[in-house]
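Novice: Here you go, one structure.
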Amino acid sequence: MKNVTDSFVSLCHWPSAGSFGFNTDILATNPINLSVVLGVLIFFGKGVLSDLLDNRKQRILSTIRSSEELRGGAIEQLEKARARLRKVEMEADEFRVNGYSEIEREKWNLINSTYKNLEQLENYKNETIRFEQQRAINQVRQRVFQQALQGALGTLNSCLNMNSELHLRTISANIGMFGAMKEIMD
């Protein structure tokens, strides 16, 4: 670092230039030169600095205005959203109350319809049982009748084997009785 400083000082105090050079000692500089430089900077820099500050001020003010407008719009939207929320909450409460009463109504309707369906199923079951009992009774009657008829025919056949004319008349009578019974059964 010392070498860099020494080389800078040697450039500032150039021996061949004579009286021209940079004087780095601020206390030794002429106050008039310093005031002239400051005056030039203030005179020419004041407009630039003023323009920069005005531009900055205008940007800040426009940002504040746009922020205020956005804030106002946001507040308006917030109020609208709150109003919609209140409306939706009221509707939700109404739906909830109506929903509970609707659920109760549907529950009782379901219970009643299930009870009616059970009664109908019970009636169908009882009718089916009666029908099956009647069918079973009719089948047993037919079998008993057939067995009794076969027994009677067997007895008649054994008795009639002796007389064929009597046998033929009995067969004809039995055929007539069968025909009459068949008509009754149908």
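FYI, nothing fancy with the structure tokens labels: chains A, B, ... in order, residues from 1 per chain, ligands from 1 as they appear.
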Find the spatial neighbours of Leu149 of chain A, counting only C-alpha atoms, within a cut-off of 10 Å - ignore same-chain residues fewer than 5 positions away - and output them as a PDB file with N, CA, C and O atoms, in the first residue's frame.
Specialist:
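out-v2.pdb, freshly written:
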ATOM      1  N   ARG A 143    -102.776 -87.662  -4.237  1.00  0.00           N
ATOM      2  CA  ARG A 143    -102.048 -88.915  -4.020  1.00  0.00           C
ATOM      3  C   ARG A 143    -102.905 -89.906  -3.209  1.00  0.00           C
ATOM      4  O   ARG A 143    -102.940 -91.095  -3.513  1.00  0.00           O
ATOM      5  N   VAL A 144    -103.565 -89.378  -2.159  1.00  0.00           N
ATOM      6  CA  VAL A 144    -104.435 -90.258  -1.361  1.00  0.00           C
ATOM      7  C   VAL A 144    -105.545 -90.819  -2.239  1.00  0.00           C
ATOM      8  O   VAL A 144    -105.859 -92.020  -2.185  1.00  0.00           O
ATOM      9  N   GLY A 154    -107.548-102.653  -7.519  1.00  0.00           N
ATOM     10  CA  GLY A 154    -106.897-103.941  -7.263  1.00  0.00           C
ATOM     11  C   GLY A 154    -107.859-104.933  -6.631  1.00  0.00           C
ATOM     12  O   GLY A 154    -107.901-106.122  -6.984  1.00  0.00           O
ATOM     13  N   THR A 155    -108.671-104.482  -5.670  1.00  0.00           N
ATOM     14  CA  THR A 155    -109.655-105.343  -5.028  1.00  0.00           C
ATOM     15  C   THR A 155    -110.702-105.774  -6.034  1.00  0.00           C
ATOM     16  O   THR A 155    -111.100-106.944  -6.076  1.00  0.00           O
ATOM     17  N   ASN A 174    -116.135 -97.456 -13.737  1.00  0.00           N
ATOM     18  CA  ASN A 174    -114.964 -96.765 -13.178  1.00  0.00           C
ATOM     19  C   ASN A 174    -114.421 -95.704 -14.144  1.00  0.00           C
ATOM     20  O   ASN A 174    -114.005 -94.610 -13.718  1.00  0.00           O
ATOM     21  N   PHE A 178    -114.012 -91.847 -13.354  1.00  0.00           N
ATOM     22  CA  PHE A 178    -112.748 -91.124 -13.558  1.00  0.00           C
ATOM     23  C   PHE A 178    -112.949 -89.889 -14.410  1.00  0.00           C
ATOM     24  O   PHE A 178    -112.397 -88.820 -14.139  1.00  0.00           O
TER      25      PHE A 178
END
Novice: For atom CA of Glu102 of chain A and atom CA of Arg86 of chain A, quote the distance in Å rounded to one decimal.
Specialist: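 So the answer is 23.6 Å.
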Novice: Of the candidates A:Leu49, A:Leu38, A:Gln58, A:Gln139, which one gets nearest to Met185 of chain A if we count only C-alpha atoms?
Specialist: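 Comparing A:Leu49, A:Leu38, A:Gln58, A:Gln139 against Met185 of chain A, the winner is A:Gln139.
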Novice: Could you state the separation of atom CA of Val40 of chain A and atom CA of Leu53 of chain A in Å, given to one decimal place?
Specialist: 19.1 Å
Novice: In Å, rounded to a single decimal, give me how far atom CA of Ala180 of chain A is from atom CA of Gln147 of chain A.
Specialist: 17.8 Å
Novice: Pick out the closest residue to Ile175 of chain A from this set: A:Ile137, A:Leu153, A:Leu41, A:Leu85. Count only C-alpha atoms.
Specialist: A:Leu153
